Amino acid sequence: MDTRTFRVFRFARDDGPSRFDTFEVEAAPGDTVLDALRWIKIHHDPSLAIRHSCFHASCGTCGVRVNGREALACVTRVGDQDEGRVTVEPLANFPVIADLVVDMTSFVQRFPSPHPAARISEFPTSPEVPPGIDEYQRFEDCIECGLCLSACPVAATDDTYVGPAALAYAQRILEEPRGADVGALLDWADGDNAAWRCHAAFECTEACPSNVRPAQRIMHLRRALTGGRDGGS
Amino acid sequence: MSRSEDELDVIRAAREARGPVLRRSPGPTAWFDIRKTGTGHWAFSLNRITSLGLVLYLYLHLAVLSMLLGGEGSWHGFLEIATTPVFLGLDVLLVFGLLFHGLNGLRVALVGTGIATERQKALFWSFMVLGSILLLGAALHIIGSD
């Protein structure tokens, strides 16, 4: 068991400006950042606000920045952090409610409205792939963790940009509309703050823990906007 | 079980009573977070820096050309400064900015139209190798012309 220094972002709405608190944490290399945060909460400071649920990268609630990089705390190992000190911050480009907990409202509001269903059933009843689709790459894999929006450099300077997750979602609907209004969706994606604001940094794809590949999907969406309009990948 | 609007109003009021959330204003400083080590991130940041540099150069270039209005003597005086090692170094920096911004812009344009989307990183590094070769040739030419 090693002792690692954790530097954790702190903010409380009735407690003045934000700050960083430092904690010495006993952590084995295989322990996750979420384990360490829970250790801090139990042994040092029960007031530390963290959000988590499933512990296996499925719920998307424990997104944070670890040493500046977006990550799910539950699957980010302490032993993989090269720096001696591990700095944990809330996701960027989101309002902070408390400590490491951000308000996801703005993330959800970025999605097109009305918001057609991307998922009807958990498993496809037929293994056949519809015409125009090479293979299933389900946007349903998105766990809505917000890591992509936090990593996006465009979102860092413009909070009106709808961001990678919403655009990837739109492309997923285009791929398989299931009765959705494709024209309205394309008009939405063609808007001032949508597909054309992306600058192809691909940081969203790097950050995505669920292989949604938002940047590639935005590029396919652009291709649909400039002619194909099938949105296929 | 879904909550009624009245219950949601109570929750909202309770949240607001605790004071405002922390809204950290987005800004260009986020472009230069050195902890972001991804190729895409620093390519994006460098593209912005070079774009600002090139805009600055455009105005500088117009200012330099306006020296011609001052007659032959004024222009020759400038040429003496323009052939100093420091100025030639700035010329090489200008070529770097042009090459990086142009080639990375070409990558963004190609990828943005669906070309090499799955190989954008390889495309980026290919352009960077090409740019480095062109920069080396340009640098030798500029310094050799001294």
# chains A, B, ... in the order shown; residues from 1 in each chain; ligands from 1

$ interface_residues --of "chain A" --to "chain B" --cutoff "7 Å" --atoms "only C-alpha atoms" --output "list in words"
Arg13, Asp14, Asn67, Gly68, Arg69, Asn93, Pro95, Val96, Ile97, Pro153, Ala156, Thr157, Asp158, His199, Ala200, Ala201, Phe202, Glu203, Gln216, Met219, His220, Arg222 and Arg223 of chain A

$ write_last_selection --atoms "C-alpha atoms" --output "JSON list (two decimals), in the first residue's frame"
[["chain", "number", "residue", "atom", "x", "y", "z"],
["A", 13, "ARG", "CA", -22.14, 27.20, -2.72],
["A", 14, "ASP", "CA", -22.26, 28.81, 0.71],
["A", 67, "ASN", "CA", -4.31, 15.38, -13.80],
["A", 68, "GLY", "CA", -6.06, 17.49, -16.42],
["A", 69, "ARG", "CA", -7.46, 14.62, -18.48],
["A", 93, "ASN", "CA", -17.40, 23.46, -19.33],
["A", 95, "PRO", "CA", -21.35, 24.63, -13.81],
["A", 96, "VAL", "CA", -20.06, 23.17, -10.54],
["A", 97, "ILE", "CA", -22.66, 22.39, -7.90],
["A", 153, "PRO", "CA", -11.70, 23.01, -26.90],
["A", 156, "ALA", "CA", -14.28, 25.81, -23.67],
["A", 157, "THR", "CA", -14.71, 29.12, -25.43],
["A", 158, "ASP", "CA", -18.35, 29.01, -26.45],
["A", 199, "HIS", "CA", -12.70, 22.21, -35.35],
["A", 200, "ALA", "CA", -11.74, 18.56, -35.64],
["A", 201, "ALA", "CA", -9.48, 18.39, -32.61],
["A", 202, "PHE", "CA", -10.86, 14.87, -31.96],
["A", 203, "GLU", "CA", -10.39, 15.36, -28.22],
["A", 216, "GLN", "CA", -15.99, 10.82, -36.46],
["A", 219, "MET", "CA", -17.67, 14.42, -39.69],
["A", 220, "HIS", "CA", -20.24, 11.96, -41.05],
["A", 222, "ARG", "CA", -21.22, 17.14, -42.04],
["A", 223, "ARG", "CA", -21.07, 14.86, -45.04]]

$ residues_around --residues "stretch 17-34 of chain A" --least-positions-apart "5" --cutoff "10 Å" --atoms "only C-alpha atoms" --output "NGL selection string"
(:A and (1-12 or 39-40 or 43-45 or 50-52 or 55 or 62-64 or 66 or 71-81 or 85-89 or 96 or 98-99)) or (:B and (22))

$ closest_residue --among "A:Ala194, A:Ala215, A:Phe94, A:Ser53" --to "A:Tyr161" --atoms "only C-alpha atoms"
A:Ala194

$ select_by_dssp --residues "stretch 62-101 of chain B" --states "alpha helix (DSSP H)" --output "short mmCIF file (atom, residue, chain, number, x, y, z; two decimals) with all heavy atoms, in the first residue's frame"
data_model
loop_
_atom_site.label_atom_id
_atom_site.label_comp_id
_atom_site.auth_asym_id
_atom_site.auth_seq_id
_atom_site.Cartn_x
_atom_site.Cartn_y
_atom_site.Cartn_z
N LEU B 62 1.58 45.21 -44.50
CA LEU B 62 1.02 46.42 -45.11
C LEU B 62 1.77 47.66 -44.62
O LEU B 62 2.03 48.59 -45.40
CB LEU B 62 -0.48 46.54 -44.76
CG LEU B 62 -1.39 45.48 -45.40
CD1 LEU B 62 -2.81 45.58 -44.85
CD2 LEU B 62 -1.41 45.61 -46.93
N ALA B 63 2.15 47.64 -43.35
CA ALA B 63 2.90 48.78 -42.80
C ALA B 63 4.26 48.89 -43.48
O ALA B 63 4.72 49.99 -43.81
CB ALA B 63 3.06 48.61 -41.29
N VAL B 64 4.90 47.73 -43.69
CA VAL B 64 6.21 47.72 -44.34
C VAL B 64 6.10 48.24 -45.78
O VAL B 64 6.90 49.06 -46.23
CB VAL B 64 6.81 46.29 -44.32
CG1 VAL B 64 7.98 46.18 -45.27
CG2 VAL B 64 7.24 45.93 -42.91
N LEU B 65 5.06 47.77 -46.48
CA LEU B 65 4.89 48.21 -47.87
C LEU B 65 4.63 49.72 -47.95
O LEU B 65 5.02 50.37 -48.93
CB LEU B 65 3.72 47.46 -48.52
CG LEU B 65 3.99 45.99 -48.88
CD1 LEU B 65 2.75 45.37 -49.53
CD2 LEU B 65 5.18 45.85 -49.82
N GLU B 72 12.81 55.92 -52.13
CA GLU B 72 13.81 54.85 -52.27
C GLU B 72 14.68 54.70 -51.02
O GLU B 72 14.98 53.61 -50.58
CB GLU B 72 14.69 55.16 -53.49
CG GLU B 72 15.44 53.97 -53.99
CD GLU B 72 16.19 54.29 -55.29
OE1 GLU B 72 15.67 55.12 -56.06
OE2 GLU B 72 17.26 53.72 -55.49
N GLY B 73 15.04 55.83 -50.44
CA GLY B 73 15.92 55.81 -49.26
C GLY B 73 15.26 55.07 -48.11
O GLY B 73 15.90 54.27 -47.41
N SER B 74 13.99 55.35 -47.91
CA SER B 74 13.25 54.71 -46.81
C SER B 74 13.20 53.20 -47.01
O SER B 74 13.42 52.42 -46.08
CB SER B 74 11.83 55.29 -46.79
OG SER B 74 11.01 54.52 -45.97
N TRP B 75 12.98 52.77 -48.24
CA TRP B 75 12.88 51.34 -48.55
C TRP B 75 14.23 50.64 -48.36
O TRP B 75 14.30 49.57 -47.76
CB TRP B 75 12.37 51.15 -49.99
CG TRP B 75 12.21 49.72 -50.37
CD1 TRP B 75 12.93 49.02 -51.29
CD2 TRP B 75 11.27 48.79 -49.83
NE1 TRP B 75 12.50 47.72 -51.37
CE2 TRP B 75 11.47 47.56 -50.47
CE3 TRP B 75 10.27 48.90 -48.86
CZ2 TRP B 75 10.72 46.43 -50.18
CZ3 TRP B 75 9.53 47.76 -48.57
CH2 TRP B 75 9.76 46.55 -49.24
N HIS B 76 15.30 51.25 -48.82
CA HIS B 76 16.63 50.64 -48.66
C HIS B 76 17.02 50.54 -47.19
O HIS B 76 17.67 49.59 -46.77
CB HIS B 76 17.66 51.42 -49.46
CG HIS B 76 17.59 51.12 -50.94
ND1 HIS B 76 17.74 49.87 -51.46
CD2 HIS B 76 17.35 51.94 -52.01
CE1 HIS B 76 17.59 49.90 -52.78
NE2 HIS B 76 17.36 51.16 -53.14
N GLY B 77 16.60 51.54 -46.44
CA GLY B 77 16.86 51.51 -45.00
C GLY B 77 16.19 50.31 -44.36
O GLY B 77 16.78 49.61 -43.51
N PHE B 78 14.98 50.04 -44.80
CA PHE B 78 14.26 48.88 -44.26
C PHE B 78 14.95 47.58 -44.67
O PHE B 78 15.08 46.66 -43.87
CB PHE B 78 12.81 48.89 -44.75
CG PHE B 78 12.13 47.56 -44.52
CD1 PHE B 78 11.80 47.16 -43.24
CD2 PHE B 78 11.87 46.70 -45.58
CE1 PHE B 78 11.20 45.93 -43.03
CE2 PHE B 78 11.28 45.47 -45.37
CZ PHE B 78 10.95 45.08 -44.08
N LEU B 79 15.42 47.54 -45.94
CA LEU B 79 16.05 46.30 -46.42
C LEU B 79 17.29 45.95 -45.61
O LEU B 79 17.60 44.77 -45.41
CB LEU B 79 16.42 46.45 -47.90
CG LEU B 79 15.26 46.36 -48.90
CD1 LEU B 79 15.77 46.43 -50.33
CD2 LEU B 79 14.45 45.09 -48.71
N GLU B 80 17.99 46.96 -45.13
CA GLU B 80 19.17 46.68 -44.30
C GLU B 80 18.77 45.97 -43.01
O GLU B 80 19.43 45.05 -42.55
CB GLU B 80 19.89 48.00 -43.97
CG GLU B 80 20.78 48.47 -45.11
CD GLU B 80 21.52 49.76 -44.76
OE1 GLU B 80 21.71 50.03 -43.56
OE2 GLU B 80 21.89 50.46 -45.71
N ILE B 81 17.66 46.42 -42.45
CA ILE B 81 17.16 45.77 -41.21
C ILE B 81 16.65 44.36 -41.55
O ILE B 81 16.85 43.41 -40.79
CB ILE B 81 16.00 46.59 -40.58
CG1 ILE B 81 16.47 47.99 -40.26
CG2 ILE B 81 15.48 45.92 -39.32
CD1 ILE B 81 15.35 48.95 -39.90
N ALA B 82 15.99 44.24 -42.69
CA ALA B 82 15.34 42.97 -43.06
C ALA B 82 16.34 41.85 -43.32
O ALA B 82 15.96 40.68 -43.35
CB ALA B 82 14.47 43.18 -44.29
N PRO B 85 20.22 38.87 -39.00
CA PRO B 85 19.89 37.49 -38.58
C PRO B 85 18.58 37.39 -37.80
O PRO B 85 17.82 36.44 -37.98
CB PRO B 85 21.08 37.10 -37.69
CG PRO B 85 22.21 37.95 -38.17
CD PRO B 85 21.61 39.24 -38.62
N VAL B 86 18.30 38.38 -36.96
CA VAL B 86 17.06 38.33 -36.17
C VAL B 86 15.85 38.36 -37.09
O VAL B 86 14.90 37.58 -36.95
CB VAL B 86 17.01 39.51 -35.16
CG1 VAL B 86 15.63 39.57 -34.47
CG2 VAL B 86 18.11 39.38 -34.13
N PHE B 87 15.90 39.24 -38.07
CA PHE B 87 14.77 39.38 -38.99
C PHE B 87 14.61 38.12 -39.84
O PHE B 87 13.49 37.67 -40.11
CB PHE B 87 14.99 40.61 -39.90
CG PHE B 87 13.71 41.33 -40.21
CD1 PHE B 87 13.32 42.45 -39.48
CD2 PHE B 87 12.87 40.88 -41.21
CE1 PHE B 87 12.14 43.11 -39.76
CE2 PHE B 87 11.68 41.52 -41.49
CZ PHE B 87 11.31 42.65 -40.77
N LEU B 88 15.76 37.55 -40.24
CA LEU B 88 15.67 36.32 -41.04
C LEU B 88 15.08 35.17 -40.21
O LEU B 88 14.34 34.33 -40.72
CB LEU B 88 17.06 35.93 -41.57
CG LEU B 88 17.65 36.89 -42.62
CD1 LEU B 88 19.06 36.46 -43.01
CD2 LEU B 88 16.77 36.97 -43.86
N GLY B 89 15.42 35.19 -38.92
CA GLY B 89 14.83 34.19 -38.02
C GLY B 89 13.32 34.34 -37.94
O GLY B 89 12.58 33.35 -37.91
N LEU B 90 12.87 35.60 -37.92
CA LEU B 90 11.42 35.85 -37.90
C LEU B 90 10.77 35.39 -39.20
O LEU B 90 9.63 34.93 -39.21
CB LEU B 90 11.15 37.35 -37.67
CG LEU B 90 11.46 37.85 -36.26
CD1 LEU B 90 11.29 39.37 -36.18
CD2 LEU B 90 10.57 37.19 -35.21
N ASP B 91 11.53 35.50 -40.30
CA ASP B 91 11.02 35.01 -41.59
C ASP B 91 10.78 33.50 -41.53
O ASP B 91 9.78 32.98 -42.04
CB ASP B 91 12.01 35.32 -42.72
CG ASP B 91 11.86 36.75 -43.22
OD1 ASP B 91 10.86 37.38 -42.88
OD2 ASP B 91 12.77 37.21 -43.95
N VAL B 92 11.74 32.79 -40.91
CA VAL B 92 11.61 31.33 -40.78
C VAL B 92 10.38 31.01 -39.91
O VAL B 92 9.61 30.10 -40.20
CB VAL B 92 12.89 30.70 -40.19
CG1 VAL B 92 12.70 29.21 -39.92
CG2 VAL B 92 14.07 30.91 -41.13
N LEU B 93 10.20 31.80 -38.83
CA LEU B 93 9.04 31.61 -37.96
C LEU B 93 7.74 31.85 -38.74
O LEU B 93 6.76 31.12 -38.56
CB LEU B 93 9.13 32.60 -36.78
CG LEU B 93 8.17 32.36 -35.61
CD1 LEU B 93 8.46 31.02 -34.95
CD2 LEU B 93 8.29 33.49 -34.59
N LEU B 94 7.77 32.84 -39.62
CA LEU B 94 6.59 33.12 -40.45
C LEU B 94 6.27 31.94 -41.35
O LEU B 94 5.10 31.53 -41.47
CB LEU B 94 6.84 34.38 -41.29
CG LEU B 94 5.77 34.70 -42.35
CD1 LEU B 94 4.45 35.06 -41.67
CD2 LEU B 94 6.23 35.82 -43.27
N VAL B 95 7.32 31.37 -41.95
CA VAL B 95 7.10 30.21 -42.84
C VAL B 95 6.55 29.04 -42.03
O VAL B 95 5.64 28.32 -42.49
CB VAL B 95 8.41 29.82 -43.56
CG1 VAL B 95 8.22 28.53 -44.37
CG2 VAL B 95 8.87 30.94 -44.48
N PHE B 96 7.07 28.86 -40.79
CA PHE B 96 6.54 27.80 -39.93
C PHE B 96 5.03 28.01 -39.71
O PHE B 96 4.23 27.08 -39.83
CB PHE B 96 7.27 27.77 -38.58
CG PHE B 96 6.53 26.97 -37.53
CD1 PHE B 96 6.59 25.58 -37.54
CD2 PHE B 96 5.75 27.60 -36.57
CE1 PHE B 96 5.88 24.83 -36.60
CE2 PHE B 96 5.04 26.86 -35.63
CZ PHE B 96 5.11 25.47 -35.65
N GLY B 97 4.67 29.26 -39.38
CA GLY B 97 3.25 29.57 -39.13
C GLY B 97 2.40 29.29 -40.35
O GLY B 97 1.32 28.70 -40.23
N LEU B 98 2.89 29.71 -41.50
CA LEU B 98 2.15 29.48 -42.75
C LEU B 98 1.96 27.99 -43.02
O LEU B 98 0.87 27.53 -43.35
CB LEU B 98 2.90 30.11 -43.92
CG LEU B 98 2.75 31.63 -44.11
CD1 LEU B 98 3.78 32.14 -45.11
CD2 LEU B 98 1.33 31.97 -44.56
N LEU B 99 3.06 27.25 -42.87
CA LEU B 99 3.01 25.81 -43.17
C LEU B 99 2.11 25.08 -42.19
O LEU B 99 1.27 24.26 -42.58
CB LEU B 99 4.42 25.22 -43.14
CG LEU B 99 5.30 25.53 -44.35
CD1 LEU B 99 6.74 25.10 -44.09
CD2 LEU B 99 4.77 24.84 -45.60
N PHE B 100 2.28 25.37 -40.88
CA PHE B 100 1.48 24.66 -39.90
C PHE B 100 0.00 24.97 -40.09
O PHE B 100 -0.85 24.07 -40.15
CB PHE B 100 1.91 24.99 -38.46
CG PHE B 100 1.11 24.19 -37.45
CD1 PHE B 100 1.51 22.92 -37.10
CD2 PHE B 100 -0.07 24.69 -36.92
CE1 PHE B 100 0.75 22.15 -36.23
CE2 PHE B 100 -0.83 23.95 -36.05
CZ PHE B 100 -0.42 22.68 -35.69
N HIS B 101 -0.29 26.26 -40.17
CA HIS B 101 -1.70 26.67 -40.28
C HIS B 101 -2.33 26.13 -41.57
O HIS B 101 -3.46 25.64 -41.57
CB HIS B 101 -1.81 28.20 -40.23
CG HIS B 101 -3.19 28.68 -39.97
ND1 HIS B 101 -3.71 28.78 -38.70
CD2 HIS B 101 -4.18 29.07 -40.81
CE1 HIS B 101 -4.96 29.21 -38.77
NE2 HIS B 101 -5.27 29.41 -40.04
#

$ closest_residue --among "A:Ala170, A:Cys59, A:Cys204, A:Ala180" --to "A:Cys145" --atoms "only C-alpha atoms"
A:Cys59

$ atom_distance --atom1 "atom CA of A:Pro214" --atom2 "atom CA of A:Ala168"
5.0 Å

$ select_by_dssp --residues "chain A" --states "strand (DSSP E or B)" --output "MDAnalysis selection string"
chainID A and resid 2:10 19:27 32 63:66 69:72 77 85:89 96:98 101:102
